[in-house]
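As stored in query-v4.txt (compact mmCIF, N, CA and C atoms):
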```
# COMPACT_ATOMS: atom_id res chain seq x y z
N PRO A 1095 175.17 151.77 122.13
CA PRO A 1095 175.97 150.55 122.07
C PRO A 1095 176.78 150.37 123.35
N MET A 1096 177.05 149.16 123.66
CA MET A 1096 177.83 148.83 124.84
C MET A 1096 179.31 149.08 124.56
N ILE A 1097 180.03 149.58 125.56
CA ILE A 1097 181.47 149.77 125.42
C ILE A 1097 182.15 148.43 125.65
N SER A 1098 183.07 148.09 124.76
CA SER A 1098 183.85 146.87 124.92
C SER A 1098 185.31 147.25 125.09
N SER A 1099 186.14 146.27 125.38
CA SER A 1099 187.55 146.58 125.63
C SER A 1099 188.48 145.55 125.01
N SER A 1100 188.19 145.11 123.79
CA SER A 1100 189.00 144.04 123.21
C SER A 1100 190.21 144.54 122.43
N SER A 1101 190.36 145.84 122.25
CA SER A 1101 191.50 146.35 121.49
C SER A 1101 192.55 146.91 122.44
N SER A 1102 193.81 146.56 122.20
CA SER A 1102 194.87 147.09 123.04
C SER A 1102 195.34 148.46 122.55
N THR A 1103 195.08 148.79 121.29
CA THR A 1103 195.52 150.06 120.72
C THR A 1103 194.52 151.18 121.03
N PHE A 1104 193.25 150.90 120.83
CA PHE A 1104 192.21 151.91 121.01
C PHE A 1104 191.54 151.74 122.36
N ASP A 1105 191.29 152.86 123.05
CA ASP A 1105 190.73 152.74 124.39
C ASP A 1105 189.22 152.93 124.46
N THR A 1106 188.57 153.26 123.35
CA THR A 1106 187.12 153.43 123.36
C THR A 1106 186.52 152.64 122.20
N CYS A 1107 186.06 151.43 122.52
CA CYS A 1107 185.49 150.53 121.51
C CYS A 1107 184.04 150.21 121.88
N TYR A 1108 183.27 149.87 120.86
CA TYR A 1108 181.84 149.63 121.06
C TYR A 1108 181.43 148.29 120.47
N ASP A 1109 180.62 147.57 121.24
CA ASP A 1109 180.00 146.33 120.77
C ASP A 1109 178.70 146.72 120.09
N LEU A 1110 178.64 146.55 118.78
CA LEU A 1110 177.47 146.98 118.01
C LEU A 1110 176.53 145.83 117.68
N SER A 1111 176.76 144.67 118.26
CA SER A 1111 175.98 143.48 117.89
C SER A 1111 174.48 143.61 118.17
N LYS A 1112 174.09 144.44 119.11
CA LYS A 1112 172.67 144.61 119.44
C LYS A 1112 172.10 145.92 118.91
N SER A 1113 172.86 146.62 118.07
CA SER A 1113 172.43 147.92 117.57
C SER A 1113 171.79 147.80 116.19
N GLN A 1114 170.66 148.46 116.03
CA GLN A 1114 170.00 148.53 114.72
C GLN A 1114 170.64 149.60 113.85
N SER A 1115 171.04 150.70 114.49
CA SER A 1115 171.70 151.79 113.77
C SER A 1115 172.70 152.45 114.72
N VAL A 1116 173.65 153.16 114.14
CA VAL A 1116 174.69 153.80 114.92
C VAL A 1116 174.79 155.26 114.51
N SER A 1117 174.84 156.14 115.49
CA SER A 1117 175.00 157.56 115.23
C SER A 1117 176.45 157.93 115.51
N ILE A 1118 177.14 158.47 114.51
CA ILE A 1118 178.55 158.84 114.65
C ILE A 1118 178.62 160.33 114.95
N PRO A 1119 179.34 160.71 116.01
CA PRO A 1119 179.42 162.13 116.38
C PRO A 1119 180.24 162.93 115.37
N SER A 1120 180.05 164.23 115.36
CA SER A 1120 180.91 165.12 114.59
C SER A 1120 182.14 165.40 115.43
N ILE A 1121 183.31 165.30 114.79
CA ILE A 1121 184.56 165.55 115.50
C ILE A 1121 185.43 166.46 114.65
N SER A 1122 186.06 167.43 115.31
CA SER A 1122 186.97 168.36 114.64
C SER A 1122 188.28 168.42 115.39
N PHE A 1123 189.36 168.68 114.66
CA PHE A 1123 190.66 168.96 115.26
C PHE A 1123 190.88 170.45 115.18
N PHE A 1124 191.47 171.02 116.22
CA PHE A 1124 191.75 172.45 116.26
C PHE A 1124 193.26 172.65 116.33
N PHE A 1125 193.77 173.49 115.42
CA PHE A 1125 195.20 173.77 115.33
C PHE A 1125 195.44 175.24 115.64
N GLY A 1126 196.72 175.59 115.85
CA GLY A 1126 197.09 176.98 116.06
C GLY A 1126 196.70 177.82 114.86
N GLY A 1127 196.62 179.13 115.05
CA GLY A 1127 196.23 180.03 113.97
C GLY A 1127 194.74 180.00 113.70
N ASP A 1128 193.95 179.52 114.70
CA ASP A 1128 192.49 179.49 114.58
C ASP A 1128 192.01 178.62 113.42
N VAL A 1129 192.70 177.49 113.20
CA VAL A 1129 192.37 176.56 112.12
C VAL A 1129 191.68 175.34 112.70
N SER A 1130 190.58 174.91 112.07
CA SER A 1130 189.91 173.69 112.49
C SER A 1130 189.74 172.78 111.28
N VAL A 1131 189.77 171.47 111.53
CA VAL A 1131 189.58 170.47 110.48
C VAL A 1131 188.45 169.57 110.93
N ASN A 1132 187.35 169.57 110.18
CA ASN A 1132 186.22 168.70 110.47
C ASN A 1132 186.50 167.34 109.85
N LEU A 1133 186.44 166.29 110.66
CA LEU A 1133 186.72 164.95 110.16
C LEU A 1133 185.53 164.38 109.41
N ASP A 1134 185.82 163.68 108.33
CA ASP A 1134 184.81 162.93 107.62
C ASP A 1134 184.41 161.74 108.51
N LYS A 1135 183.19 161.28 108.40
CA LYS A 1135 182.71 160.16 109.23
C LYS A 1135 183.60 158.93 109.09
N VAL A 1136 184.20 158.71 107.91
CA VAL A 1136 185.05 157.53 107.71
C VAL A 1136 186.34 157.61 108.50
N GLY A 1137 186.70 158.78 109.03
CA GLY A 1137 187.92 158.93 109.80
C GLY A 1137 187.71 158.91 111.29
N ILE A 1138 186.50 158.61 111.74
CA ILE A 1138 186.19 158.66 113.16
C ILE A 1138 186.18 157.28 113.81
N LEU A 1139 185.64 156.29 113.11
CA LEU A 1139 185.58 154.94 113.65
C LEU A 1139 186.49 153.99 112.90
N TYR A 1140 187.09 153.07 113.62
CA TYR A 1140 187.90 152.01 113.04
C TYR A 1140 187.17 150.71 113.33
N VAL A 1141 186.75 150.00 112.29
CA VAL A 1141 185.98 148.77 112.46
C VAL A 1141 186.94 147.61 112.69
N LEU A 1142 186.81 146.97 113.86
CA LEU A 1142 187.64 145.82 114.18
C LEU A 1142 187.07 144.55 113.56
N ARG A 1143 185.79 144.36 113.73
CA ARG A 1143 185.05 143.24 113.12
C ARG A 1143 183.65 143.75 112.82
N LYS A 1144 182.86 142.91 112.24
CA LYS A 1144 181.52 143.33 111.81
C LYS A 1144 180.70 143.95 112.93
N THR A 1145 180.89 143.50 114.15
CA THR A 1145 180.06 143.96 115.26
C THR A 1145 180.81 144.80 116.29
N GLU A 1146 182.03 145.20 115.97
CA GLU A 1146 182.79 146.00 116.94
C GLU A 1146 183.57 147.10 116.23
N ALA A 1147 183.44 148.33 116.74
CA ALA A 1147 184.16 149.47 116.18
C ALA A 1147 184.73 150.29 117.33
N CYS A 1148 185.84 150.98 117.03
CA CYS A 1148 186.51 151.80 118.04
C CYS A 1148 186.65 153.21 117.51
N LEU A 1149 186.68 154.18 118.42
CA LEU A 1149 187.05 155.52 118.00
C LEU A 1149 188.48 155.42 117.48
N ALA A 1150 188.75 156.01 116.32
CA ALA A 1150 190.05 155.85 115.64
C ALA A 1150 191.10 156.80 116.20
N PHE A 1151 191.24 156.78 117.52
CA PHE A 1151 192.19 157.65 118.21
C PHE A 1151 192.91 156.82 119.25
N ALA A 1152 194.21 156.97 119.34
CA ALA A 1152 194.99 156.28 120.36
C ALA A 1152 195.49 157.31 121.36
N GLY A 1153 195.43 156.95 122.62
CA GLY A 1153 195.84 157.86 123.68
C GLY A 1153 197.33 158.14 123.64
N ASN A 1154 197.68 159.27 124.19
CA ASN A 1154 199.08 159.69 124.31
C ASN A 1154 199.36 159.78 125.80
N ARG A 1155 200.07 158.79 126.33
CA ARG A 1155 200.26 158.69 127.78
C ARG A 1155 201.09 159.81 128.38
N ASP A 1156 201.97 160.39 127.59
CA ASP A 1156 202.86 161.44 128.09
C ASP A 1156 202.59 162.71 127.31
N PRO A 1157 202.08 163.78 127.95
CA PRO A 1157 201.76 165.01 127.24
C PRO A 1157 202.94 165.65 126.50
N SER A 1158 204.17 165.26 126.86
CA SER A 1158 205.32 165.82 126.15
C SER A 1158 205.61 165.09 124.85
N ASN A 1159 204.96 163.93 124.62
CA ASN A 1159 205.13 163.19 123.37
C ASN A 1159 204.38 163.90 122.24
N ILE A 1160 204.83 163.69 121.01
CA ILE A 1160 204.14 164.29 119.88
C ILE A 1160 202.80 163.59 119.64
N ALA A 1161 201.90 164.28 119.02
CA ALA A 1161 200.62 163.70 118.60
C ALA A 1161 200.67 163.49 117.10
N ILE A 1162 199.99 162.47 116.63
CA ILE A 1162 200.00 162.15 115.19
C ILE A 1162 198.60 162.30 114.63
N PHE A 1163 198.48 163.10 113.60
CA PHE A 1163 197.24 163.25 112.84
C PHE A 1163 197.28 162.12 111.82
N GLY A 1164 196.67 161.00 112.14
CA GLY A 1164 196.87 159.75 111.41
C GLY A 1164 196.09 159.57 110.13
N ASN A 1165 196.40 158.45 109.49
CA ASN A 1165 195.78 158.14 108.21
C ASN A 1165 194.27 157.93 108.33
N GLU A 1166 193.79 157.43 109.47
CA GLU A 1166 192.34 157.26 109.63
C GLU A 1166 191.66 158.62 109.62
N GLN A 1167 192.25 159.60 110.31
CA GLN A 1167 191.65 160.93 110.36
C GLN A 1167 191.76 161.65 109.02
N GLN A 1168 192.75 161.33 108.23
CA GLN A 1168 192.94 162.01 106.95
C GLN A 1168 192.07 161.44 105.84
N LYS A 1169 191.38 160.33 106.10
CA LYS A 1169 190.48 159.78 105.08
C LYS A 1169 189.42 160.82 104.74
N GLY A 1170 189.16 161.00 103.47
CA GLY A 1170 188.16 161.97 103.04
C GLY A 1170 188.68 163.40 102.96
N LEU A 1171 189.97 163.60 103.22
CA LEU A 1171 190.56 164.94 103.16
C LEU A 1171 191.62 165.00 102.07
N GLU A 1172 191.76 166.15 101.48
CA GLU A 1172 192.89 166.41 100.60
C GLU A 1172 193.89 167.22 101.41
N VAL A 1173 195.14 166.78 101.40
CA VAL A 1173 196.19 167.46 102.16
C VAL A 1173 196.99 168.30 101.18
N VAL A 1174 197.14 169.58 101.50
CA VAL A 1174 197.85 170.52 100.63
C VAL A 1174 199.09 171.00 101.38
N TYR A 1175 200.26 170.84 100.73
CA TYR A 1175 201.52 171.25 101.35
C TYR A 1175 202.00 172.53 100.68
N ASP A 1176 202.18 173.56 101.47
CA ASP A 1176 202.75 174.83 101.00
C ASP A 1176 204.17 174.90 101.56
N VAL A 1177 205.12 174.35 100.79
CA VAL A 1177 206.50 174.27 101.26
C VAL A 1177 207.10 175.66 101.41
N VAL A 1178 206.88 176.53 100.44
CA VAL A 1178 207.44 177.87 100.48
C VAL A 1178 206.89 178.64 101.68
N GLY A 1179 205.59 178.57 101.90
CA GLY A 1179 204.97 179.29 103.02
C GLY A 1179 205.05 178.55 104.34
N GLU A 1180 205.64 177.33 104.32
CA GLU A 1180 205.79 176.50 105.51
C GLU A 1180 204.45 176.26 106.21
N ARG A 1181 203.44 175.88 105.40
CA ARG A 1181 202.11 175.60 105.94
C ARG A 1181 201.59 174.30 105.36
N ILE A 1182 200.60 173.76 106.02
CA ILE A 1182 199.89 172.59 105.53
C ILE A 1182 198.41 172.89 105.64
N GLY A 1183 197.64 172.40 104.68
CA GLY A 1183 196.21 172.66 104.70
C GLY A 1183 195.42 171.39 104.45
N PHE A 1184 194.18 171.39 104.87
CA PHE A 1184 193.29 170.26 104.68
C PHE A 1184 191.97 170.77 104.12
N ARG A 1185 191.41 170.01 103.17
CA ARG A 1185 190.08 170.36 102.67
C ARG A 1185 189.33 169.06 102.38
N PRO A 1186 188.02 169.09 102.52
CA PRO A 1186 187.23 167.89 102.28
C PRO A 1186 187.26 167.51 100.81
N GLY A 1187 187.03 166.23 100.56
CA GLY A 1187 186.88 165.77 99.18
C GLY A 1187 188.05 164.96 98.66
N GLY A 1188 189.05 164.70 99.46
CA GLY A 1188 190.17 163.90 99.00
C GLY A 1188 189.74 162.48 98.70
N CYS A 1189 190.29 161.90 97.65
CA CYS A 1189 190.03 160.49 97.26
C CYS A 1189 188.56 160.25 96.97
N SER A 1190 187.85 161.24 96.45
CA SER A 1190 186.44 161.01 96.14
C SER A 1190 186.23 160.85 94.66
```
Entire entry expressed as structure tokens:
Amino acid sequence: PMISSSSSTFDTCYDLSKSQSVSIPSISFFFGGDVSVNLDKVGILYVLRKTEACLAFAGNRDPSNIAIFGNEQQKGLEVVYDVVGERIGFRPGGCS
């Protein structure tokens, strides 16, 4: 698909108007403690219109700013909060 630039929020968007099919890459987030979270396909692309989709990630211009693990990435995941142990966990299958 051709890369388009119609979104001000997302920096990697695709014009899918001439595509018969689309292959979505596998994407994982890596956290401290050797923890990885594999994203569900529904959390990777954000559909702007029928023929245009963007990677559902917004750039962080300043490396000292915090990063947000957003609602698009959490789609398809169950989030588990361990308040006593001060941990958070993710597992596939949320909202299914």
Exercise. Skipping near chain neighbours, those fewer than 6 positions away, what residues fall within 10 Å of range 1172-1185 of chain A using only C-alpha atoms, listed as JSON, numbers by chain?
Worked result: {"A": [1129, 1130, 1131, 1132, 1133]}
Write the residues of the preceding selection, restricted to N, CA and C atoms, as a PDB file, keeping the file's coordinate frame.
```
ATOM      1  N   VAL A1129     192.700 177.490 113.200  1.00  0.00           N
ATOM      2  CA  VAL A1129     192.370 176.560 112.120  1.00  0.00           C
ATOM      3  C   VAL A1129     191.680 175.340 112.700  1.00  0.00           C
ATOM      4  N   SER A1130     190.580 174.910 112.070  1.00  0.00           N
ATOM      5  CA  SER A1130     189.910 173.690 112.490  1.00  0.00           C
ATOM      6  C   SER A1130     189.740 172.780 111.280  1.00  0.00           C
ATOM      7  N   VAL A1131     189.770 171.470 111.530  1.00  0.00           N
ATOM      8  CA  VAL A1131     189.580 170.470 110.480  1.00  0.00           C
ATOM      9  C   VAL A1131     188.450 169.570 110.930  1.00  0.00           C
ATOM     10  N   ASN A1132     187.350 169.570 110.180  1.00  0.00           N
ATOM     11  CA  ASN A1132     186.220 168.700 110.470  1.00  0.00           C
ATOM     12  C   ASN A1132     186.500 167.340 109.850  1.00  0.00           C
ATOM     13  N   LEU A1133     186.440 166.290 110.660  1.00  0.00           N
ATOM     14  CA  LEU A1133     186.720 164.950 110.160  1.00  0.00           C
ATOM     15  C   LEU A1133     185.530 164.380 109.410  1.00  0.00           C
TER      16      LEU A1133
END
```
Applying 7 Å and all atoms listed in the file, which residues near range 1149-1153 of chain A remain after dropping the ones on its own chain fewer than 2 positions away? List them as a JSON list (two decimals) with N, CA and C atoms, in the coordinates of the input.
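After the write, result.json holds the following:
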```json
[["chain", "number", "residue", "atom", "x", "y", "z"],
["A", 1103, "THR", "N", 195.08, 148.79, 121.29],
["A", 1103, "THR", "CA", 195.52, 150.06, 120.72],
["A", 1103, "THR", "C", 194.52, 151.18, 121.03],
["A", 1104, "PHE", "N", 193.25, 150.90, 120.83],
["A", 1104, "PHE", "CA", 192.21, 151.91, 121.01],
["A", 1104, "PHE", "C", 191.54, 151.74, 122.36],
["A", 1105, "ASP", "N", 191.29, 152.86, 123.05],
["A", 1105, "ASP", "CA", 190.73, 152.74, 124.39],
["A", 1105, "ASP", "C", 189.22, 152.93, 124.46],
["A", 1106, "THR", "N", 188.57, 153.26, 123.35],
["A", 1106, "THR", "CA", 187.12, 153.43, 123.36],
["A", 1106, "THR", "C", 186.52, 152.64, 122.20],
["A", 1107, "CYS", "N", 186.06, 151.43, 122.52],
["A", 1107, "CYS", "CA", 185.49, 150.53, 121.51],
["A", 1107, "CYS", "C", 184.04, 150.21, 121.88],
["A", 1108, "TYR", "N", 183.27, 149.87, 120.86],
["A", 1108, "TYR", "CA", 181.84, 149.63, 121.06],
["A", 1108, "TYR", "C", 181.43, 148.29, 120.47],
["A", 1137, "GLY", "N", 186.70, 158.78, 109.03],
["A", 1137, "GLY", "CA", 187.92, 158.93, 109.80],
["A", 1137, "GLY", "C", 187.71, 158.91, 111.29],
["A", 1138, "ILE", "N", 186.50, 158.61, 111.74],
["A", 1138, "ILE", "CA", 186.19, 158.66, 113.16],
["A", 1138, "ILE", "C", 186.18, 157.28, 113.81],
["A", 1139, "LEU", "N", 185.64, 156.29, 113.11],
["A", 1139, "LEU", "CA", 185.58, 154.94, 113.65],
["A", 1139, "LEU", "C", 186.49, 153.99, 112.90],
["A", 1140, "TYR", "N", 187.09, 153.07, 113.62],
["A", 1140, "TYR", "CA", 187.90, 152.01, 113.04],
["A", 1140, "TYR", "C", 187.17, 150.71, 113.33],
["A", 1147, "ALA", "N", 183.44, 148.33, 116.74],
["A", 1147, "ALA", "CA", 184.16, 149.47, 116.18],
["A", 1147, "ALA", "C", 184.73, 150.29, 117.33],
["A", 1155, "ARG", "N", 200.07, 158.79, 126.33],
["A", 1155, "ARG", "CA", 200.26, 158.69, 127.78],
["A", 1155, "ARG", "C", 201.09, 159.81, 128.38],
["A", 1156, "ASP", "N", 201.97, 160.39, 127.59],
["A", 1156, "ASP", "CA", 202.86, 161.44, 128.09],
["A", 1156, "ASP", "C", 202.59, 162.71, 127.31],
["A", 1166, "GLU", "N", 193.79, 157.43, 109.47],
["A", 1166, "GLU", "CA", 192.34, 157.26, 109.63],
["A", 1166, "GLU", "C", 191.66, 158.62, 109.62],
["A", 1167, "GLN", "N", 192.25, 159.60, 110.31],
["A", 1167, "GLN", "CA", 191.65, 160.93, 110.36],
["A", 1167, "GLN", "C", 191.76, 161.65, 109.02]]
```
For this session: Per DSSP on the backbone, filter chain A down to the residues in helix (DSSP H, G or I) and report them as a ChimeraX atom specification.
Result: /A:1135-1137,1165-1168
Problem set entry | Selected residue of minimal separation from Cys1148 in chain A among A:Phe1124, A:Pro1186, A:Leu1110, A:Ala1161, counting only C-alpha atoms | A:Leu1110
I'd like the box whose edges run along x, y and z of the file and which contains every listed atom of range 1134-1144 of chain A, padded by 8 Å per side; could you state its centre and edge lengths in Å, one decimal, as JSON?
```
{"center_x": 184.3, "center_y": 153.3, "center_z": 110.9, "size_x": 23.2, "size_y": 36.8, "size_z": 22.6}
```
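CA of Ser1122 in chain A lies 12.5 Å from CA of Leu1171 in chain A.
We find atom N of Arg1143 in chain A and atom N of Gly1187 in chain A to be spaced 25.6 Å apart.
Comparing A:Lys1135, A:Lys1144, A:Gly1164, A:Lys1169 by their smallest distance to Ser1113 in chain A, the closest is A:Lys1144 (using only C-alpha atoms).
Residues in contact with Thr1145 in chain A at up to 8 Å, not including ones fewer than 3 positions away on its chain and judged by only C-alpha atoms, are Asp1109, Leu1110, Ser1111 and Leu1142 of chain A.
The gap separating atom N of Phe1163 in chain A from atom C of Phe1125 in chain A is 12.7 Å, in Å to one decimal.
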For this session: Taking the chain letters and numbering used in this document, name the residues of chain A that DSSP puts in strand (DSSP E), as a PyMOL selection string.
Result: chain A and resi 1096-1098+1107-1109+1122-1125+1129-1132+1139-1143+1146-1149+1171-1176+1181-1186
Missing atoms in range 1118-1129 of chain A need filling: write out all heavy atoms for it as a PDB file, keeping the file's coordinate frame.
```pdb
ATOM      1  N   ILE A1118     177.140 158.470 114.510  1.00  0.00           N
ATOM      2  CA  ILE A1118     178.550 158.840 114.650  1.00  0.00           C
ATOM      3  C   ILE A1118     178.620 160.330 114.950  1.00  0.00           C
ATOM      4  O   ILE A1118     178.048 161.139 114.234  1.00  0.00           O
ATOM      5  CB  ILE A1118     179.333 158.497 113.366  1.00  0.00           C
ATOM      6  CG1 ILE A1118     179.233 156.999 113.086  1.00  0.00           C
ATOM      7  CG2 ILE A1118     180.786 158.923 113.494  1.00  0.00           C
ATOM      8  CD1 ILE A1118     179.821 156.576 111.764  1.00  0.00           C
ATOM      9  N   PRO A1119     179.340 160.710 116.010  1.00  0.00           N
ATOM     10  CA  PRO A1119     179.420 162.130 116.380  1.00  0.00           C
ATOM     11  C   PRO A1119     180.240 162.930 115.370  1.00  0.00           C
ATOM     12  O   PRO A1119     181.060 162.385 114.637  1.00  0.00           O
ATOM     13  CB  PRO A1119     180.114 162.106 117.734  1.00  0.00           C
ATOM     14  CG  PRO A1119     180.970 160.881 117.678  1.00  0.00           C
ATOM     15  CD  PRO A1119     180.179 159.877 116.878  1.00  0.00           C
ATOM     16  N   SER A1120     180.050 164.230 115.360  1.00  0.00           N
ATOM     17  CA  SER A1120     180.910 165.120 114.590  1.00  0.00           C
ATOM     18  C   SER A1120     182.140 165.400 115.430  1.00  0.00           C
ATOM     19  O   SER A1120     182.041 165.690 116.608  1.00  0.00           O
ATOM     20  CB  SER A1120     180.195 166.437 114.283  1.00  0.00           C
ATOM     21  OG  SER A1120     179.064 166.204 113.489  1.00  0.00           O
ATOM     22  N   ILE A1121     183.310 165.300 114.790  1.00  0.00           N
ATOM     23  CA  ILE A1121     184.560 165.550 115.500  1.00  0.00           C
ATOM     24  C   ILE A1121     185.430 166.460 114.650  1.00  0.00           C
ATOM     25  O   ILE A1121     185.522 166.304 113.439  1.00  0.00           O
ATOM     26  CB  ILE A1121     185.300 164.227 115.807  1.00  0.00           C
ATOM     27  CG1 ILE A1121     184.470 163.386 116.772  1.00  0.00           C
ATOM     28  CG2 ILE A1121     186.693 164.498 116.374  1.00  0.00           C
ATOM     29  CD1 ILE A1121     185.091 162.065 117.170  1.00  0.00           C
ATOM     30  N   SER A1122     186.060 167.430 115.310  1.00  0.00           N
ATOM     31  CA  SER A1122     186.970 168.360 114.640  1.00  0.00           C
ATOM     32  C   SER A1122     188.280 168.420 115.390  1.00  0.00           C
ATOM     33  O   SER A1122     188.314 168.245 116.611  1.00  0.00           O
ATOM     34  CB  SER A1122     186.364 169.772 114.600  1.00  0.00           C
ATOM     35  OG  SER A1122     185.150 169.785 113.899  1.00  0.00           O
ATOM     36  N   PHE A1123     189.360 168.680 114.660  1.00  0.00           N
ATOM     37  CA  PHE A1123     190.660 168.960 115.260  1.00  0.00           C
ATOM     38  C   PHE A1123     190.880 170.450 115.180  1.00  0.00           C
ATOM     39  O   PHE A1123     190.548 171.089 114.179  1.00  0.00           O
ATOM     40  CB  PHE A1123     191.789 168.245 114.500  1.00  0.00           C
ATOM     41  CG  PHE A1123     191.967 166.812 114.882  1.00  0.00           C
ATOM     42  CD1 PHE A1123     191.622 165.804 114.001  1.00  0.00           C
ATOM     43  CD2 PHE A1123     192.493 166.463 116.119  1.00  0.00           C
ATOM     44  CE1 PHE A1123     191.802 164.476 114.340  1.00  0.00           C
ATOM     45  CE2 PHE A1123     192.677 165.145 116.464  1.00  0.00           C
ATOM     46  CZ  PHE A1123     192.328 164.141 115.575  1.00  0.00           C
ATOM     47  N   PHE A1124     191.470 171.020 116.220  1.00  0.00           N
ATOM     48  CA  PHE A1124     191.750 172.450 116.260  1.00  0.00           C
ATOM     49  C   PHE A1124     193.260 172.650 116.330  1.00  0.00           C
ATOM     50  O   PHE A1124     193.936 172.042 117.149  1.00  0.00           O
ATOM     51  CB  PHE A1124     191.055 173.110 117.447  1.00  0.00           C
ATOM     52  CG  PHE A1124     189.563 173.018 117.354  1.00  0.00           C
ATOM     53  CD1 PHE A1124     188.879 171.985 117.941  1.00  0.00           C
ATOM     54  CD2 PHE A1124     188.855 173.974 116.635  1.00  0.00           C
ATOM     55  CE1 PHE A1124     187.499 171.883 117.829  1.00  0.00           C
ATOM     56  CE2 PHE A1124     187.475 173.888 116.520  1.00  0.00           C
ATOM     57  CZ  PHE A1124     186.791 172.846 117.113  1.00  0.00           C
ATOM     58  N   PHE A1125     193.770 173.490 115.420  1.00  0.00           N
ATOM     59  CA  PHE A1125     195.200 173.770 115.330  1.00  0.00           C
ATOM     60  C   PHE A1125     195.440 175.240 115.640  1.00  0.00           C
ATOM     61  O   PHE A1125     194.520 176.046 115.646  1.00  0.00           O
ATOM     62  CB  PHE A1125     195.712 173.455 113.922  1.00  0.00           C
ATOM     63  CG  PHE A1125     195.609 171.996 113.555  1.00  0.00           C
ATOM     64  CD1 PHE A1125     194.484 171.504 112.894  1.00  0.00           C
ATOM     65  CD2 PHE A1125     196.633 171.116 113.859  1.00  0.00           C
ATOM     66  CE1 PHE A1125     194.383 170.168 112.557  1.00  0.00           C
ATOM     67  CE2 PHE A1125     196.550 169.777 113.530  1.00  0.00           C
ATOM     68  CZ  PHE A1125     195.420 169.300 112.871  1.00  0.00           C
ATOM     69  N   GLY A1126     196.720 175.590 115.850  1.00  0.00           N
ATOM     70  CA  GLY A1126     197.090 176.980 116.060  1.00  0.00           C
ATOM     71  C   GLY A1126     196.700 177.820 114.860  1.00  0.00           C
ATOM     72  O   GLY A1126     196.455 177.310 113.767  1.00  0.00           O
ATOM     73  N   GLY A1127     196.620 179.130 115.050  1.00  0.00           N
ATOM     74  CA  GLY A1127     196.230 180.030 113.970  1.00  0.00           C
ATOM     75  C   GLY A1127     194.740 180.000 113.700  1.00  0.00           C
ATOM     76  O   GLY A1127     194.273 180.349 112.627  1.00  0.00           O
ATOM     77  N   ASP A1128     193.950 179.520 114.700  1.00  0.00           N
ATOM     78  CA  ASP A1128     192.490 179.490 114.580  1.00  0.00           C
ATOM     79  C   ASP A1128     192.010 178.620 113.420  1.00  0.00           C
ATOM     80  O   ASP A1128     191.086 178.962 112.697  1.00  0.00           O
ATOM     81  CB  ASP A1128     191.943 180.916 114.461  1.00  0.00           C
ATOM     82  CG  ASP A1128     190.542 181.047 115.037  1.00  0.00           C
ATOM     83  OD1 ASP A1128     190.159 180.198 115.868  1.00  0.00           O
ATOM     84  OD2 ASP A1128     189.828 181.980 114.633  1.00  0.00           O
ATOM     85  N   VAL A1129     192.700 177.490 113.200  1.00  0.00           N
ATOM     86  CA  VAL A1129     192.370 176.560 112.120  1.00  0.00           C
ATOM     87  C   VAL A1129     191.680 175.340 112.700  1.00  0.00           C
ATOM     88  O   VAL A1129     192.141 174.769 113.686  1.00  0.00           O
ATOM     89  CB  VAL A1129     193.656 176.138 111.364  1.00  0.00           C
ATOM     90  CG1 VAL A1129     193.356 175.064 110.342  1.00  0.00           C
ATOM     91  CG2 VAL A1129     194.306 177.341 110.712  1.00  0.00           C
TER      92      VAL A1129
END
```
